[in-house]
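Dropping model_29.txt in here (compact mmCIF, N, CA and C atoms and all ligand atoms):
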# COMPACT_ATOMS: atom_id res chain seq x y z
N MET A 383 -33.52 -12.92 -23.68
CA MET A 383 -32.89 -11.78 -22.98
C MET A 383 -31.63 -11.34 -23.72
N SER A 384 -31.40 -10.07 -23.76
CA SER A 384 -30.21 -9.55 -24.43
C SER A 384 -28.94 -10.00 -23.74
N ASP A 385 -27.91 -10.31 -24.53
CA ASP A 385 -26.60 -10.69 -23.97
C ASP A 385 -26.03 -9.57 -23.11
N VAL A 386 -26.37 -8.34 -23.42
CA VAL A 386 -25.83 -7.19 -22.68
C VAL A 386 -26.26 -7.23 -21.22
N LEU A 387 -27.46 -7.78 -20.96
CA LEU A 387 -28.00 -7.75 -19.59
C LEU A 387 -27.63 -8.99 -18.78
N GLN A 388 -26.99 -9.96 -19.39
CA GLN A 388 -26.68 -11.20 -18.68
C GLN A 388 -25.39 -11.05 -17.88
N LEU A 389 -25.47 -11.36 -16.57
CA LEU A 389 -24.27 -11.35 -15.73
C LEU A 389 -23.55 -12.67 -15.87
N LYS A 390 -22.29 -12.62 -16.05
CA LYS A 390 -21.48 -13.83 -16.18
C LYS A 390 -20.63 -14.00 -14.93
N PRO A 391 -20.27 -15.25 -14.57
CA PRO A 391 -19.50 -15.51 -13.34
C PRO A 391 -18.24 -14.67 -13.22
N ASP A 392 -17.53 -14.47 -14.32
CA ASP A 392 -16.29 -13.69 -14.21
C ASP A 392 -16.58 -12.22 -13.91
N MET A 393 -17.75 -11.74 -14.32
CA MET A 393 -18.13 -10.36 -14.01
C MET A 393 -18.42 -10.22 -12.51
N LEU A 394 -19.09 -11.24 -11.94
CA LEU A 394 -19.39 -11.20 -10.51
C LEU A 394 -18.11 -11.29 -9.69
N LEU A 395 -17.16 -12.14 -10.11
CA LEU A 395 -15.89 -12.26 -9.41
C LEU A 395 -15.15 -10.92 -9.44
N SER A 396 -15.17 -10.24 -10.58
CA SER A 396 -14.49 -8.95 -10.67
C SER A 396 -15.11 -7.94 -9.73
N PHE A 397 -16.44 -7.96 -9.63
CA PHE A 397 -17.13 -7.04 -8.72
C PHE A 397 -16.71 -7.33 -7.28
N TRP A 398 -16.64 -8.65 -6.91
CA TRP A 398 -16.24 -9.03 -5.56
C TRP A 398 -14.81 -8.57 -5.29
N GLU A 399 -13.94 -8.73 -6.26
CA GLU A 399 -12.53 -8.36 -6.06
C GLU A 399 -12.37 -6.86 -5.84
N VAL A 400 -13.08 -6.03 -6.59
CA VAL A 400 -12.91 -4.59 -6.43
C VAL A 400 -13.61 -4.10 -5.17
N SER A 401 -14.52 -4.93 -4.60
CA SER A 401 -15.21 -4.55 -3.38
C SER A 401 -14.37 -4.81 -2.13
N LEU A 402 -13.30 -5.59 -2.25
CA LEU A 402 -12.46 -5.90 -1.11
C LEU A 402 -11.67 -4.68 -0.68
N VAL A 403 -11.45 -4.56 0.63
CA VAL A 403 -10.60 -3.50 1.15
C VAL A 403 -9.40 -4.17 1.81
N ALA A 404 -8.23 -3.93 1.30
CA ALA A 404 -7.03 -4.49 1.93
C ALA A 404 -6.74 -3.72 3.22
N TYR A 405 -6.10 -4.41 4.15
CA TYR A 405 -5.72 -3.76 5.41
C TYR A 405 -4.23 -3.49 5.45
N LYS A 406 -3.87 -2.54 6.26
CA LYS A 406 -2.46 -2.20 6.45
C LYS A 406 -2.21 -2.08 7.96
N ILE A 407 -0.95 -2.10 8.35
CA ILE A 407 -0.58 -1.94 9.75
C ILE A 407 0.09 -0.58 9.93
N THR A 408 -0.39 0.16 10.89
CA THR A 408 0.11 1.51 11.10
C THR A 408 1.27 1.53 12.10
N ASP A 409 1.84 2.71 12.28
CA ASP A 409 2.97 2.88 13.19
C ASP A 409 2.60 2.61 14.65
N ALA A 410 1.31 2.43 14.93
CA ALA A 410 0.88 2.11 16.30
C ALA A 410 1.29 0.69 16.70
N CYS A 411 1.67 -0.14 15.72
CA CYS A 411 2.05 -1.55 15.97
C CYS A 411 3.17 -1.64 17.01
N ILE A 412 2.97 -2.55 17.96
CA ILE A 412 3.99 -2.77 18.99
C ILE A 412 4.72 -4.10 18.76
N SER A 413 4.54 -4.64 17.56
CA SER A 413 5.26 -5.87 17.15
C SER A 413 5.05 -7.04 18.10
N CYS A 414 3.81 -7.21 18.54
CA CYS A 414 3.52 -8.33 19.46
C CYS A 414 3.38 -9.65 18.72
N GLY A 415 3.05 -9.60 17.43
CA GLY A 415 2.94 -10.81 16.62
C GLY A 415 1.61 -11.54 16.74
N ALA A 416 0.68 -11.02 17.51
CA ALA A 416 -0.59 -11.72 17.75
C ALA A 416 -1.42 -11.89 16.48
N CYS A 417 -1.28 -11.00 15.53
CA CYS A 417 -2.11 -11.04 14.33
C CYS A 417 -1.68 -12.11 13.34
N VAL A 418 -0.44 -12.52 13.38
CA VAL A 418 0.10 -13.42 12.36
C VAL A 418 -0.68 -14.72 12.29
N SER A 419 -0.89 -15.37 13.42
CA SER A 419 -1.58 -16.66 13.41
C SER A 419 -3.08 -16.53 13.15
N GLU A 420 -3.62 -15.32 13.24
CA GLU A 420 -5.05 -15.11 13.00
C GLU A 420 -5.37 -14.95 11.52
N CYS A 421 -4.39 -14.59 10.73
CA CYS A 421 -4.64 -14.28 9.32
C CYS A 421 -4.84 -15.56 8.51
N PRO A 422 -6.00 -15.73 7.86
CA PRO A 422 -6.28 -16.97 7.12
C PRO A 422 -5.47 -17.11 5.84
N THR A 423 -4.88 -16.03 5.37
CA THR A 423 -4.11 -16.11 4.12
C THR A 423 -2.62 -15.94 4.35
N ASP A 424 -2.21 -15.94 5.61
CA ASP A 424 -0.77 -15.81 5.95
C ASP A 424 -0.13 -14.61 5.26
N CYS A 425 -0.83 -13.49 5.25
CA CYS A 425 -0.27 -12.33 4.55
C CYS A 425 0.31 -11.29 5.50
N ILE A 426 0.48 -11.67 6.79
CA ILE A 426 1.10 -10.75 7.75
C ILE A 426 2.47 -11.31 8.13
N ALA A 427 3.47 -10.46 8.08
CA ALA A 427 4.83 -10.91 8.40
C ALA A 427 5.54 -9.87 9.24
N GLU A 428 6.54 -10.35 9.97
CA GLU A 428 7.34 -9.44 10.79
C GLU A 428 8.16 -8.55 9.88
N GLY A 429 8.14 -7.24 10.17
CA GLY A 429 8.94 -6.30 9.41
C GLY A 429 9.86 -5.56 10.34
N ASP A 430 10.47 -4.54 9.84
CA ASP A 430 11.40 -3.75 10.65
C ASP A 430 11.06 -2.27 10.48
N PRO A 431 10.49 -1.61 11.47
CA PRO A 431 10.36 -2.07 12.85
C PRO A 431 8.98 -2.65 13.19
N ILE A 432 8.02 -2.58 12.27
CA ILE A 432 6.67 -3.05 12.59
C ILE A 432 6.27 -4.18 11.65
N TYR A 433 5.19 -4.90 11.99
CA TYR A 433 4.67 -5.96 11.14
C TYR A 433 4.02 -5.35 9.90
N VAL A 434 3.99 -6.14 8.84
CA VAL A 434 3.46 -5.63 7.56
C VAL A 434 2.46 -6.63 6.97
N ILE A 435 1.52 -6.10 6.21
CA ILE A 435 0.52 -6.91 5.52
C ILE A 435 0.80 -6.88 4.03
N LYS A 436 0.84 -8.06 3.42
CA LYS A 436 0.97 -8.16 1.97
C LYS A 436 -0.42 -7.90 1.40
N GLU A 437 -0.66 -6.68 1.00
CA GLU A 437 -2.02 -6.24 0.70
C GLU A 437 -2.69 -7.02 -0.42
N GLU A 438 -1.92 -7.50 -1.39
CA GLU A 438 -2.55 -8.23 -2.51
C GLU A 438 -3.13 -9.57 -2.08
N ASP A 439 -2.73 -10.08 -0.91
CA ASP A 439 -3.26 -11.36 -0.42
C ASP A 439 -4.32 -11.17 0.67
N CYS A 440 -4.57 -9.95 1.09
CA CYS A 440 -5.55 -9.68 2.15
C CYS A 440 -6.97 -9.87 1.60
N ILE A 441 -7.79 -10.61 2.35
CA ILE A 441 -9.17 -10.88 1.90
C ILE A 441 -10.19 -10.12 2.74
N ASP A 442 -9.75 -9.10 3.51
CA ASP A 442 -10.69 -8.21 4.15
C ASP A 442 -11.51 -8.91 5.25
N CYS A 443 -10.90 -9.87 5.96
CA CYS A 443 -11.68 -10.64 6.94
C CYS A 443 -11.75 -9.94 8.31
N GLU A 444 -10.83 -9.02 8.56
CA GLU A 444 -10.76 -8.22 9.79
C GLU A 444 -10.36 -9.03 11.02
N ALA A 445 -9.81 -10.24 10.84
CA ALA A 445 -9.34 -11.02 11.99
C ALA A 445 -8.20 -10.29 12.70
N CYS A 446 -7.35 -9.64 11.95
CA CYS A 446 -6.24 -8.90 12.55
C CYS A 446 -6.75 -7.69 13.33
N VAL A 447 -7.81 -7.09 12.82
CA VAL A 447 -8.40 -5.94 13.50
C VAL A 447 -8.92 -6.37 14.88
N ALA A 448 -9.55 -7.54 14.92
CA ALA A 448 -10.16 -8.02 16.16
C ALA A 448 -9.11 -8.37 17.22
N ILE A 449 -7.96 -8.89 16.79
CA ILE A 449 -6.98 -9.38 17.77
C ILE A 449 -5.98 -8.30 18.18
N CYS A 450 -5.77 -7.29 17.39
CA CYS A 450 -4.71 -6.31 17.68
C CYS A 450 -5.01 -5.49 18.95
N PRO A 451 -4.08 -5.50 19.92
CA PRO A 451 -4.32 -4.81 21.19
C PRO A 451 -4.21 -3.29 21.11
N VAL A 452 -3.67 -2.80 20.00
CA VAL A 452 -3.47 -1.34 19.90
C VAL A 452 -4.15 -0.74 18.65
N ASN A 453 -5.07 -1.51 18.07
CA ASN A 453 -5.83 -1.03 16.91
C ASN A 453 -4.93 -0.50 15.78
N ALA A 454 -3.90 -1.30 15.48
CA ALA A 454 -2.95 -0.86 14.46
C ALA A 454 -3.34 -1.29 13.05
N CYS A 455 -4.36 -2.13 12.91
CA CYS A 455 -4.78 -2.60 11.57
C CYS A 455 -5.92 -1.72 11.07
N GLU A 456 -5.69 -1.12 9.92
CA GLU A 456 -6.66 -0.21 9.34
C GLU A 456 -6.83 -0.48 7.86
N PRO A 457 -7.97 -0.07 7.29
CA PRO A 457 -8.12 -0.20 5.84
C PRO A 457 -7.00 0.57 5.12
N ALA A 458 -6.44 -0.06 4.09
CA ALA A 458 -5.31 0.58 3.37
C ALA A 458 -5.80 1.73 2.51
S1 LIG A 501 -7.93 -8.51 7.18
FE1 LIG A 501 -7.78 -10.75 7.35
S2 LIG A 501 -6.71 -11.39 5.47
FE2 LIG A 501 -6.35 -9.19 5.72
S3 LIG A 501 -4.40 -9.02 6.85
FE3 LIG A 501 -6.07 -8.97 8.36
S4 LIG A 501 -6.31 -11.12 9.03
FE4 LIG A 501 -5.14 -11.14 7.08
S1 LIG A 502 -1.45 -7.58 16.62
FE1 LIG A 502 -1.26 -5.36 16.25
S2 LIG A 502 0.47 -4.72 17.52
FE2 LIG A 502 0.59 -6.95 17.33
S3 LIG A 502 1.97 -7.32 15.56
FE3 LIG A 502 -0.16 -7.31 14.79
S4 LIG A 502 -0.52 -5.19 14.12
FE4 LIG A 502 1.29 -5.16 15.47
Please lay out the structure from this file as structure tokens.
Amino acid sequence: MSDVLQLKPDMLLSFWEVSLVAYKITDACISCGACVSECPTDCIAEGDPIYVIKEEDCIDCEACVAICPVNACEPA
């Protein structure tokens, strides 16, 4: 088989990385803090005046989306 057609592990990882959608927190946030303990990568922190997501650490799991009472977590 031609080398050109062979998929390598680092190519698959790159595809997975570009397929991720980071999340952000909108102005709808009421700063309840419920999302912080749900995030598996600890990328949500209290901000001023609303909570913020460190987008480079977000793995697109949507746990924050599920717990937020005001639907403030959206794709960035
Ligand atoms: S989608 Fe998952 S990883 Fe990203 S901020 Fe929300 S809980 Fe954290
Ligand atoms: S759960 Fe929603 S309202 Fe509460 S801090 Fe997180 S983003 Fe803000």
Pick out the residues no farther than 7 Å from ligand LIG 501 (chain A), counting only N, CA and C atoms and all ligand atoms, and list them as a ChimeraX atom specification.
/A:404-406,417,420-426,435-436,439-447
Can you tell me which residues sit at most 12 Å away from ligand LIG 502 (chain A), counting only C-alpha atoms and all ligand atoms, written as a PyMOL selection string?
chain A and resi 405-421+425-435+444-456
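Across region 404-437 of chain A, DSSP run on the backbone finds strand (DSSP E or B) at Tyr405, Lys406, Ile407, Ile426, Ala427, Val434 and Ile435 of chain A.
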Please indicate the distance in Å from atom N of Glu437 (chain A) to atom C of Ser401 (chain A), rounded to one decimal place.
14.2 Å
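Across the structure, atom C of Pro457 (chain A) and CA of Lys390 (chain A) are spaced 29.5 Å apart.
Taking atom C of Glu438 (chain A) as the reference point, CA of Pro391 (chain A) is found at 20.7 Å.
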Sel. of alpha helix (DSSP H) residues, chain A, as an mmCIF file with N, CA and C atoms, keeping the file's coordinate frame:
data_model
loop_
_atom_site.group_PDB
_atom_site.id
_atom_site.type_symbol
_atom_site.label_atom_id
_atom_site.label_comp_id
_atom_site.auth_asym_id
_atom_site.auth_seq_id
_atom_site.Cartn_x
_atom_site.Cartn_y
_atom_site.Cartn_z
ATOM 1 N N PRO A 391 -20.270 -15.250 -14.570
ATOM 2 C CA PRO A 391 -19.500 -15.510 -13.340
ATOM 3 C C PRO A 391 -18.240 -14.670 -13.220
ATOM 4 N N ASP A 392 -17.530 -14.470 -14.320
ATOM 5 C CA ASP A 392 -16.290 -13.690 -14.210
ATOM 6 C C ASP A 392 -16.580 -12.220 -13.910
ATOM 7 N N MET A 393 -17.750 -11.740 -14.320
ATOM 8 C CA MET A 393 -18.130 -10.360 -14.010
ATOM 9 C C MET A 393 -18.420 -10.220 -12.510
ATOM 10 N N LEU A 394 -19.090 -11.240 -11.940
ATOM 11 C CA LEU A 394 -19.390 -11.200 -10.510
ATOM 12 C C LEU A 394 -18.110 -11.290 -9.690
ATOM 13 N N LEU A 395 -17.160 -12.140 -10.110
ATOM 14 C CA LEU A 395 -15.890 -12.260 -9.410
ATOM 15 C C LEU A 395 -15.150 -10.920 -9.440
ATOM 16 N N SER A 396 -15.170 -10.240 -10.580
ATOM 17 C CA SER A 396 -14.490 -8.950 -10.670
ATOM 18 C C SER A 396 -15.110 -7.940 -9.730
ATOM 19 N N PHE A 397 -16.440 -7.960 -9.630
ATOM 20 C CA PHE A 397 -17.130 -7.040 -8.720
ATOM 21 C C PHE A 397 -16.710 -7.330 -7.280
ATOM 22 N N TRP A 398 -16.640 -8.650 -6.910
ATOM 23 C CA TRP A 398 -16.240 -9.030 -5.560
ATOM 24 C C TRP A 398 -14.810 -8.570 -5.290
ATOM 25 N N GLU A 399 -13.940 -8.730 -6.260
ATOM 26 C CA GLU A 399 -12.530 -8.360 -6.060
ATOM 27 C C GLU A 399 -12.370 -6.860 -5.840
ATOM 28 N N VAL A 400 -13.080 -6.030 -6.590
ATOM 29 C CA VAL A 400 -12.910 -4.590 -6.430
ATOM 30 C C VAL A 400 -13.610 -4.100 -5.170
ATOM 31 N N SER A 401 -14.520 -4.930 -4.600
ATOM 32 C CA SER A 401 -15.210 -4.550 -3.380
ATOM 33 C C SER A 401 -14.370 -4.810 -2.130
ATOM 34 N N ALA A 445 -9.810 -10.240 10.840
ATOM 35 C CA ALA A 445 -9.340 -11.020 11.990
ATOM 36 C C ALA A 445 -8.200 -10.290 12.700
ATOM 37 N N CYS A 446 -7.350 -9.640 11.950
ATOM 38 C CA CYS A 446 -6.240 -8.900 12.550
ATOM 39 C C CYS A 446 -6.750 -7.690 13.330
ATOM 40 N N VAL A 447 -7.810 -7.090 12.820
ATOM 41 C CA VAL A 447 -8.400 -5.940 13.500
ATOM 42 C C VAL A 447 -8.920 -6.370 14.880
ATOM 43 N N ALA A 448 -9.550 -7.540 14.920
ATOM 44 C CA ALA A 448 -10.160 -8.020 16.160
ATOM 45 C C ALA A 448 -9.110 -8.370 17.220
ATOM 46 N N ILE A 449 -7.960 -8.890 16.790
ATOM 47 C CA ILE A 449 -6.980 -9.380 17.770
ATOM 48 C C ILE A 449 -5.980 -8.300 18.180
#
Could you write out as AutoDock Vina command-line options the box around region 433-441 of chain A (axis-aligned, all atoms listed in the file, 4 Å on each side), with centre and edge lengths in Å to one decimal?
--center_x -2.5 --center_y -8.1 --center_z 4.7 --size_x 23.4 --size_y 14.5 --size_z 22.5
